[in-house]
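Below you'll find the structure, written out as structure tokens, and then a few comments.
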Amino acid sequence: MGSIPGCYFGQVLSERVGRRRTIFSSAIPGLIGAVIVLFTKTPELIYAARLLMGVTTGITAVVTMIYITEIADKEIRGALGMLVQVMNNSGSLIMYGVGPFVSYTVLNSIVLTIPVVYVLACTWIPESPYYHLKDGRVAAARKEFMVIKGRKDETWVDNELDVIRAHVRESMENKTTMKELFTNMRYRKAVYIVAGLKILQYMTGSSAIQSYLEMIFRQSSSISGPHVSIVYGFVQLAAGIGATFLAGWFGRRILMLISSLGVALSLTAVGLYFFLQDFNKISAESLALISALPLIGILGFNILYAVGIGNLPYVMQAELFPINVKTVASSSATMFACVLSFAVAKCYQSIKDNFGHHTVFWSFASIAYLGVFFVYFLVPETKGKTLEEVQDKVQEKEEEQALRDKAVKDLE
């Protein structure tokens with residue numbers, strides 16, 4: 001829940017003090033939270049610490065993807081964006097692999113080092129040229145652009161920067177408010193696309209599966225929870241690394257189509273096992289023949305989720321919107337994601353208790369099946385295009401649709 005105000009802080013700080021300073025300041029609440037957790041056993045203080053850690057998560061979720069998409073070349077923008085998933089997976093693996101075997105103090109000492117290492121690792125990063133151009137600081141933007149691109153050819157730099165500058169100037173002629181985002185017809189299609197991708201990303205149950213992983217396997221298999229969690233963490237990390245390379249070779253659409261269909265089939269398989277076990281109550285001998293189905297299904301979900309819908313929606317939310325509403329859009333999308341993630345994790349247990357485990361997994365699967373059609377018919381390809389080309393294409397289609405709607409209304 002702390003991620004929700006964190007998203008707002010990330011939006012405000014990104015606009016007012018820049019991407020670089022926001023990245024640094026995001027570590028502060030996480031560091032305070034980690035210290036509180038390490039030195040207290042009082043539940044109320046631990047709640048407060050978790051909220052502070054959530055604030056850090058919300059800020060970084062907003063600013064990191066904006067920063068990456070603004071500094072990356074179009075050829076590697078998707079791959080760099082997927083590295084966020086690799087970092088998430090690395091953190092999960094540390095908790096899965098180390099947590100069950102060390103003390104509370106040792107585990108939280110490890111957690112405490114993360115924001116410290118984060119700040120040290122980010123000391124060298126430059127500011128985004130887009131932030132400087134937004135406020136008219138052309139010389140500062142030019143200096144940062146040369147650092148990021150590693151080029152000293154001033155003619156090339158000026159030509160590239162002029163294209164970005166013209167697009168930023170055009171975008172900044174419009175307002176930068178949330179009202180602008182949700183009422184201006186230019187952004188309507190991008191809003192629909194990102195909202196749909198967020199539903200696909202979170203309503204397929206990733207937060208619930210991760211939260212209740214050991215319980216799921218305890219109810220379906222003889223494999224011990226901690227060991228399954230470690231295997232899950234390693235597979236998740238490997239899948240994230242593999243997805244980084246795939247994002248450089250294939251387009252966003254094809255990866256999300258494969259990911260959605262694979263996630264749907266994997267969740268259907270897990271739901272089938274629980275349906276046969278809990279609802280049909282088949283014999284123990286018959287159940288033993290398919291005892292590996294939940295493990296295969298969950299690991300399949302893990303791999304295929306990482307390939308596409310696990311992180312590409314974050315990349316696209318930073319690609320589809322122009323500079324004037326980019327931080328507002330990313331903040332709103334991430335807040336929406338936080339609400340969905342919290343709701344899914346909280347509702348999992350009650351739905352399972354009232355309607356059965358199979359209902360939970362088949363509900364998640366149904367969202368993924370619908371996601372296949374959503375991606376195929378509505379989501380544009382952004383691989384190999386500059387941010388300016390992506391945004392112009394999306395807004396051009398929306399303006400054409402608005403003109404058609406107006407013509408129909410006039411005829412009526």
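Residue names in the structure tokens use chain letters A, B, ... in the order shown, residue numbers from 1 in each chain, and ligand numbers from 1 in the order shown.
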Selection near Thr113 of chain A, 9 Å with only C-alpha atoms, sequence-local residues under 5 positions removed, as JSON, numbers by chain: {"A": [31, 34, 108, 118]}
Write out as a Markdown table the residues of segment 257-366 of chain A that have any atom within 10 Å of an atom of segment 190-208 of chain A, one row each with the nearest atom pair and its distance in Å to one decimal, counting only C-alpha atoms, sorted by chain and then rising number.
| residue | atom | partner | partner_atom | distance |
| --- | --- | --- | --- | --- |
| A:Ser260 | CA | A:Leu200 | CA | 8.1 |
| A:Val263 | CA | A:Thr204 | CA | 8.0 |
| A:Ala264 | CA | A:Thr204 | CA | 8.3 |
| A:Leu267 | CA | A:Thr204 | CA | 8.6 |
| A:Phe301 | CA | A:Ser206 | CA | 8.8 |
| A:Asn302 | CA | A:Ser206 | CA | 8.5 |
| A:Tyr305 | CA | A:Ser206 | CA | 8.3 |
| A:Gly308 | CA | A:Gln201 | CA | 9.2 |
| A:Ile309 | CA | A:Gln201 | CA | 5.4 |
| A:Gly310 | CA | A:Gln201 | CA | 6.0 |
| A:Asn311 | CA | A:Gln201 | CA | 8.0 |
| A:Leu312 | CA | A:Leu197 | CA | 8.8 |
| A:Pro313 | CA | A:Leu197 | CA | 5.8 |
| A:Tyr314 | CA | A:Lys198 | CA | 8.5 |
| A:Met316 | CA | A:Val194 | CA | 7.4 |
| A:Gln317 | CA | A:Val194 | CA | 5.9 |
| A:Ala318 | CA | A:Val194 | CA | 9.6 |
| A:Glu319 | CA | A:Ala190 | CA | 9.6 |
| A:Leu320 | CA | A:Ala190 | CA | 6.1 |
| A:Phe321 | CA | A:Ala190 | CA | 7.0 |
| A:Ala329 | CA | A:Val191 | CA | 7.9 |
| A:Ser330 | CA | A:Val194 | CA | 9.3 |
| A:Ser332 | CA | A:Ala195 | CA | 9.6 |
| A:Ala333 | CA | A:Ala195 | CA | 6.8 |
| A:Thr334 | CA | A:Lys198 | CA | 8.4 |
| A:Phe336 | CA | A:Lys198 | CA | 7.6 |
| A:Ala337 | CA | A:Lys198 | CA | 6.0 |
| A:Cys338 | CA | A:Tyr202 | CA | 8.8 |
| A:Val339 | CA | A:Tyr202 | CA | 9.5 |
| A:Leu340 | CA | A:Tyr202 | CA | 6.2 |
| A:Ser341 | CA | A:Tyr202 | CA | 5.7 |
| A:Phe342 | CA | A:Ser207 | CA | 7.8 |
| A:Ala343 | CA | A:Met203 | CA | 9.0 |
| A:Val344 | CA | A:Ala208 | CA | 6.1 |
| A:Ala345 | CA | A:Ala208 | CA | 4.3 |
| A:Lys346 | CA | A:Ala208 | CA | 7.8 |
| A:Cys347 | CA | A:Ala208 | CA | 8.6 |
| A:Tyr348 | CA | A:Ala208 | CA | 6.3 |
| A:Gln349 | CA | A:Ala208 | CA | 8.9 |
| A:Val360 | CA | A:Gly205 | CA | 8.7 |
| A:Phe361 | CA | A:Gly205 | CA | 8.0 |
| A:Trp362 | CA | A:Thr204 | CA | 9.5 |
| A:Ser363 | CA | A:Thr204 | CA | 7.9 |
| A:Phe364 | CA | A:Thr204 | CA | 4.3 |
| A:Ala365 | CA | A:Thr204 | CA | 6.5 |
| A:Ser366 | CA | A:Thr204 | CA | 8.2 |
Test item: residues at most 8 Å from Ile59 of chain A, only C-alpha atoms, excluding those fewer than 2 positions along its chain, as a PDB file with N, CA, C and O atoms, in the first residue's frame:
ATOM      1  N   SER A   3       3.254   1.791  -1.809  1.00  0.00           N
ATOM      2  CA  SER A   3       3.627   2.106  -3.192  1.00  0.00           C
ATOM      3  C   SER A   3       2.712   3.152  -3.810  1.00  0.00           C
ATOM      4  O   SER A   3       3.121   3.885  -4.720  1.00  0.00           O
ATOM      5  N   GLY A   6       3.881   6.447  -2.903  1.00  0.00           N
ATOM      6  CA  GLY A   6       5.208   6.476  -3.517  1.00  0.00           C
ATOM      7  C   GLY A   6       5.149   6.849  -4.989  1.00  0.00           C
ATOM      8  O   GLY A   6       6.002   7.588  -5.490  1.00  0.00           O
ATOM      9  N   CYS A   7       4.131   6.359  -5.687  1.00  0.00           N
ATOM     10  CA  CYS A   7       3.965   6.710  -7.105  1.00  0.00           C
ATOM     11  C   CYS A   7       3.742   8.205  -7.279  1.00  0.00           C
ATOM     12  O   CYS A   7       4.286   8.831  -8.204  1.00  0.00           O
ATOM     13  N   TYR A   8       2.928   8.772  -6.387  1.00  0.00           N
ATOM     14  CA  TYR A   8       2.680  10.216  -6.465  1.00  0.00           C
ATOM     15  C   TYR A   8       3.963  11.003  -6.190  1.00  0.00           C
ATOM     16  O   TYR A   8       4.277  11.961  -6.904  1.00  0.00           O
ATOM     17  N   PHE A   9       4.704  10.601  -5.147  1.00  0.00           N
ATOM     18  CA  PHE A   9       5.970  11.276  -4.850  1.00  0.00           C
ATOM     19  C   PHE A   9       6.930  11.174  -6.041  1.00  0.00           C
ATOM     20  O   PHE A   9       7.645  12.122  -6.367  1.00  0.00           O
ATOM     21  N   GLY A  10       6.956  10.001  -6.671  1.00  0.00           N
ATOM     22  CA  GLY A  10       7.820   9.807  -7.835  1.00  0.00           C
ATOM     23  C   GLY A  10       7.472  10.745  -8.966  1.00  0.00           C
ATOM     24  O   GLY A  10       8.352  11.298  -9.638  1.00  0.00           O
ATOM     25  N   GLN A  11       6.166  10.950  -9.181  1.00  0.00           N
ATOM     26  CA  GLN A  11       5.713  11.874 -10.230  1.00  0.00           C
ATOM     27  C   GLN A  11       6.150  13.303  -9.922  1.00  0.00           C
ATOM     28  O   GLN A  11       6.743  13.986 -10.773  1.00  0.00           O
ATOM     29  N   THR A  22      15.625  12.213  -8.128  1.00  0.00           N
ATOM     30  CA  THR A  22      14.530  11.356  -7.658  1.00  0.00           C
ATOM     31  C   THR A  22      15.029   9.942  -7.400  1.00  0.00           C
ATOM     32  O   THR A  22      14.645   9.298  -6.409  1.00  0.00           O
ATOM     33  N   ILE A  23      15.882   9.456  -8.300  1.00  0.00           N
ATOM     34  CA  ILE A  23      16.462   8.119  -8.125  1.00  0.00           C
ATOM     35  C   ILE A  23      17.228   8.039  -6.807  1.00  0.00           C
ATOM     36  O   ILE A  23      17.101   7.071  -6.046  1.00  0.00           O
ATOM     37  N   SER A  26      14.819   8.286  -3.672  1.00  0.00           N
ATOM     38  CA  SER A  26      13.930   7.132  -3.479  1.00  0.00           C
ATOM     39  C   SER A  26      14.488   6.126  -2.486  1.00  0.00           C
ATOM     40  O   SER A  26      13.742   5.352  -1.885  1.00  0.00           O
ATOM     41  N   VAL A  55       6.866   2.907  -0.258  1.00  0.00           N
ATOM     42  CA  VAL A  55       7.068   4.240  -0.845  1.00  0.00           C
ATOM     43  C   VAL A  55       8.268   4.219  -1.785  1.00  0.00           C
ATOM     44  O   VAL A  55       8.210   4.728  -2.913  1.00  0.00           O
ATOM     45  N   THR A  56       9.371   3.593  -1.339  1.00  0.00           N
ATOM     46  CA  THR A  56      10.554   3.460  -2.197  1.00  0.00           C
ATOM     47  C   THR A  56      10.225   2.682  -3.464  1.00  0.00           C
ATOM     48  O   THR A  56      10.620   3.069  -4.574  1.00  0.00           O
ATOM     49  N   THR A  57       9.476   1.606  -3.321  1.00  0.00           N
ATOM     50  CA  THR A  57       9.092   0.808  -4.486  1.00  0.00           C
ATOM     51  C   THR A  57       8.272   1.632  -5.469  1.00  0.00           C
ATOM     52  O   THR A  57       8.484   1.573  -6.684  1.00  0.00           O
ATOM     53  N   ALA A  61       9.487   2.583  -9.190  1.00  0.00           N
ATOM     54  CA  ALA A  61       8.679   2.010 -10.276  1.00  0.00           C
ATOM     55  C   ALA A  61       8.311   3.078 -11.299  1.00  0.00           C
ATOM     56  O   ALA A  61       8.239   2.802 -12.501  1.00  0.00           O
ATOM     57  N   VAL A  62       8.065   4.301 -10.827  1.00  0.00           N
ATOM     58  CA  VAL A  62       7.707   5.387 -11.735  1.00  0.00           C
ATOM     59  C   VAL A  62       8.928   5.927 -12.468  1.00  0.00           C
ATOM     60  O   VAL A  62       8.964   6.028 -13.690  1.00  0.00           O
ATOM     61  N   VAL A  63       9.968   6.293 -11.707  1.00  0.00           N
ATOM     62  CA  VAL A  63      11.077   7.046 -12.298  1.00  0.00           C
ATOM     63  C   VAL A  63      12.041   6.171 -13.096  1.00  0.00           C
ATOM     64  O   VAL A  63      12.598   6.619 -14.105  1.00  0.00           O
TER      65      VAL A  63
END
Closest of A:Ile230, A:Val98, A:Met53, A:Leu237 to Ile114 of chain A - atom-to-atom distances counting only C-alpha atoms: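 Ranking A:Ile230, A:Val98, A:Met53, A:Leu237 by distance to Ile114 of chain A, first place goes to A:Met53.
Pairwise distance (atom CA of Phe250 of chain A, atom CA of Gln236 of chain A) equals 19.9 Å.
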Test item: residues at most 10 Å from Ala72 of chain A, only C-alpha atoms, excluding those fewer than 4 positions along its chain, as a list of chain:residue names: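 In the requested form, the answer reads A:Tyr67, A:Ile68, A:Ile76, A:Arg77, A:Gly78, A:Ala79, A:Leu80, A:Gly81, A:Ile148, A:Lys149, A:Thr386, A:Leu387.
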Residues as selected, C-alpha atoms, written as a PDB file, in the first residue's frame, can you do that?
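Everything below was put into part31.pdb:
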ATOM      1  CA  TYR A  67      14.642   7.294 -17.126  1.00  0.00           C
ATOM      2  CA  ILE A  68      15.577   4.112 -19.013  1.00  0.00           C
ATOM      3  CA  ILE A  76      18.123  -1.682 -26.856  1.00  0.00           C
ATOM      4  CA  ARG A  77      15.298   0.175 -25.080  1.00  0.00           C
ATOM      5  CA  GLY A  78      13.217  -2.956 -24.583  1.00  0.00           C
ATOM      6  CA  ALA A  79      16.154  -5.055 -23.377  1.00  0.00           C
ATOM      7  CA  LEU A  80      17.218  -2.414 -20.855  1.00  0.00           C
ATOM      8  CA  GLY A  81      13.635  -2.133 -19.641  1.00  0.00           C
ATOM      9  CA  ILE A 148      24.854   9.221 -22.545  1.00  0.00           C
ATOM     10  CA  LYS A 149      25.510   8.589 -26.237  1.00  0.00           C
ATOM     11  CA  THR A 386      12.220   6.279 -31.403  1.00  0.00           C
ATOM     12  CA  LEU A 387       9.995   7.608 -28.622  1.00  0.00           C
TER      13      LEU A 387
END
Counting only C-alpha atoms, the option among A:Ile46, A:Val307, A:Met146, A:Ile32 closest to Gly242 of chain A: A:Val307
From A:Met95, A:Leu261, A:Val375, A:Ile125, residue lying nearest Phe234 of chain A [only C-alpha atoms]: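 The shortest atom-to-atom distance to Phe234 of chain A comes from A:Met95.
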Atomic separation - atom CA of Ile4 of chain A relative to atom CA of Gly58 of chain A, Å: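 Atom CA of Gly58 of chain A sits 6.3 Å away from atom CA of Ile4 of chain A.
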Near Tyr187 of chain A, within 10 Å and counting only C-alpha atoms, which residues show up once chain neighbours fewer than 2 positions away are dropped, as a compact mmCIF listing (two decimals) with N, CA and C atoms, in the first residue's frame?
# COMPACT_ATOMS: atom_id res chain seq x y z
N GLU A 180 -5.58 16.73 -17.96
CA GLU A 180 -5.16 16.74 -19.37
C GLU A 180 -5.02 15.32 -19.90
N LEU A 181 -4.42 14.46 -19.08
CA LEU A 181 -4.20 13.07 -19.49
C LEU A 181 -5.50 12.34 -19.79
N PHE A 182 -6.51 12.55 -18.92
CA PHE A 182 -7.73 11.76 -19.05
C PHE A 182 -8.83 12.44 -19.88
N THR A 183 -8.66 13.70 -20.23
CA THR A 183 -9.70 14.38 -21.00
C THR A 183 -9.28 14.72 -22.43
N ASN A 184 -7.97 14.81 -22.69
CA ASN A 184 -7.51 15.12 -24.03
C ASN A 184 -7.59 13.87 -24.91
N MET A 185 -8.30 13.98 -26.02
CA MET A 185 -8.52 12.83 -26.89
C MET A 185 -7.22 12.28 -27.48
N LYS A 189 -6.23 6.60 -26.59
CA LYS A 189 -5.84 5.23 -26.96
C LYS A 189 -4.69 4.73 -26.09
N ALA A 190 -3.71 5.59 -25.82
CA ALA A 190 -2.58 5.20 -24.98
C ALA A 190 -3.06 4.84 -23.57
N VAL A 191 -4.02 5.61 -23.04
CA VAL A 191 -4.57 5.32 -21.71
C VAL A 191 -5.24 3.95 -21.71
N TYR A 192 -6.06 3.67 -22.73
CA TYR A 192 -6.74 2.38 -22.82
C TYR A 192 -5.73 1.22 -22.90
N LEU A 320 4.64 5.25 -24.60
CA LEU A 320 3.46 5.69 -25.34
C LEU A 320 3.06 7.14 -25.09
N PHE A 321 3.51 7.71 -23.96
CA PHE A 321 3.06 9.05 -23.61
C PHE A 321 4.15 10.09 -23.85
N PRO A 322 3.78 11.28 -24.35
CA PRO A 322 4.76 12.35 -24.57
C PRO A 322 5.22 12.96 -23.25
N VAL A 325 2.92 14.63 -20.30
CA VAL A 325 2.09 13.81 -19.40
C VAL A 325 2.76 12.49 -19.02
N ALA A 329 1.21 10.01 -16.34
CA ALA A 329 0.70 8.74 -16.86
C ALA A 329 1.38 7.55 -16.17
N GLN A 391 5.10 7.83 -30.21
CA GLN A 391 4.05 8.73 -29.71
C GLN A 391 3.29 9.39 -30.86
N VAL A 394 0.77 6.75 -32.29
CA VAL A 394 -0.40 6.51 -31.43
C VAL A 394 -1.35 7.70 -31.47
N GLN A 395 -0.81 8.91 -31.36
CA GLN A 395 -1.65 10.10 -31.35
C GLN A 395 -2.27 10.37 -32.71
N GLU A 398 -5.30 8.23 -32.98
CA GLU A 398 -6.37 8.72 -32.12
C GLU A 398 -7.03 9.96 -32.71
N GLU A 399 -6.22 10.85 -33.31
CA GLU A 399 -6.77 12.06 -33.94
C GLU A 399 -7.61 11.70 -35.15
DSSP-assigned helix (DSSP H, G or I) among segment 84-182 of chain A, expressed as a VMD selection string: chain A and resid 84 to 101 104 to 121 129 to 134 138 to 149 154 to 172 178 to 182
Kindly provide the residues of segment 278-356 of chain A that approach segment 209-220 of chain A to within 8 Å, each paired with its closest atom pair and their distance in Å to one decimal, based on only C-alpha atoms, listed by chain and increasing number, as CSV.
residue,atom,partner,partner_atom,distance
A:Ser291,CA,A:Ser220,CA,7.3
A:Pro294,CA,A:Ser220,CA,6.8
A:Leu295,CA,A:Phe217,CA,7.6
A:Ala345,CA,A:Ser211,CA,7.1
Generate a file of the selected residues that holds C-alpha atoms, formatted as a PDB file, in the first residue's frame.
ATOM      1  CA  SER A 291       1.328 -34.884  -9.270  1.00  0.00           C
ATOM      2  CA  PRO A 294       1.182 -27.935 -10.423  1.00  0.00           C
ATOM      3  CA  LEU A 295       4.977 -27.696 -10.438  1.00  0.00           C
ATOM      4  CA  ALA A 345      -3.153 -10.865  -3.131  1.00  0.00           C
TER       5      ALA A 345
END
Computed interatomic separation between atom CA of Thr177 of chain A and atom CA of Val12 of chain A (Å):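 So the answer is 11.1 Å.
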Of the listed residues A:Leu265, A:Ala141, A:Leu378, A:Leu255, that which approaches Ser128 of chain A most closely, counting only C-alpha atoms: A:Ala141
Long-range neighbours of Leu112 of chain A as a list in words, 10 Å cut-off, only C-alpha atoms, 2 positions minimum in chain: Gly30, Leu31, Ile32, Gly33, Ala34, Val35, Ile36, Val37, Leu38, Val106, Leu107, Asn108, Ser109, Ile110, Ile114, Pro115, Val116 and Val117 of chain A
Go ahead and save the picked residues with C-alpha atoms, as a compact mmCIF listing (two decimals), in the first residue's frame.
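Writing done, so here's part34.txt:
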# COMPACT_ATOMS: atom_id res chain seq x y z
CA GLY A 30 13.52 2.21 2.02
CA LEU A 31 16.66 2.68 4.09
CA ILE A 32 14.69 3.98 7.08
CA GLY A 33 12.24 1.10 6.75
CA ALA A 34 15.03 -1.48 6.61
CA VAL A 35 16.62 -0.03 9.77
CA ILE A 36 13.28 -0.14 11.62
CA VAL A 37 12.66 -3.76 10.63
CA LEU A 38 16.17 -4.75 11.70
CA VAL A 106 20.91 -11.72 9.14
CA LEU A 107 18.13 -11.60 6.54
CA ASN A 108 17.20 -8.02 7.36
CA SER A 109 20.86 -6.99 7.43
CA ILE A 110 21.01 -8.16 3.81
CA ILE A 114 20.30 -3.00 -0.79
CA PRO A 115 19.42 0.75 -0.66
CA VAL A 116 23.04 1.52 0.27
CA VAL A 117 24.42 -0.39 -2.72
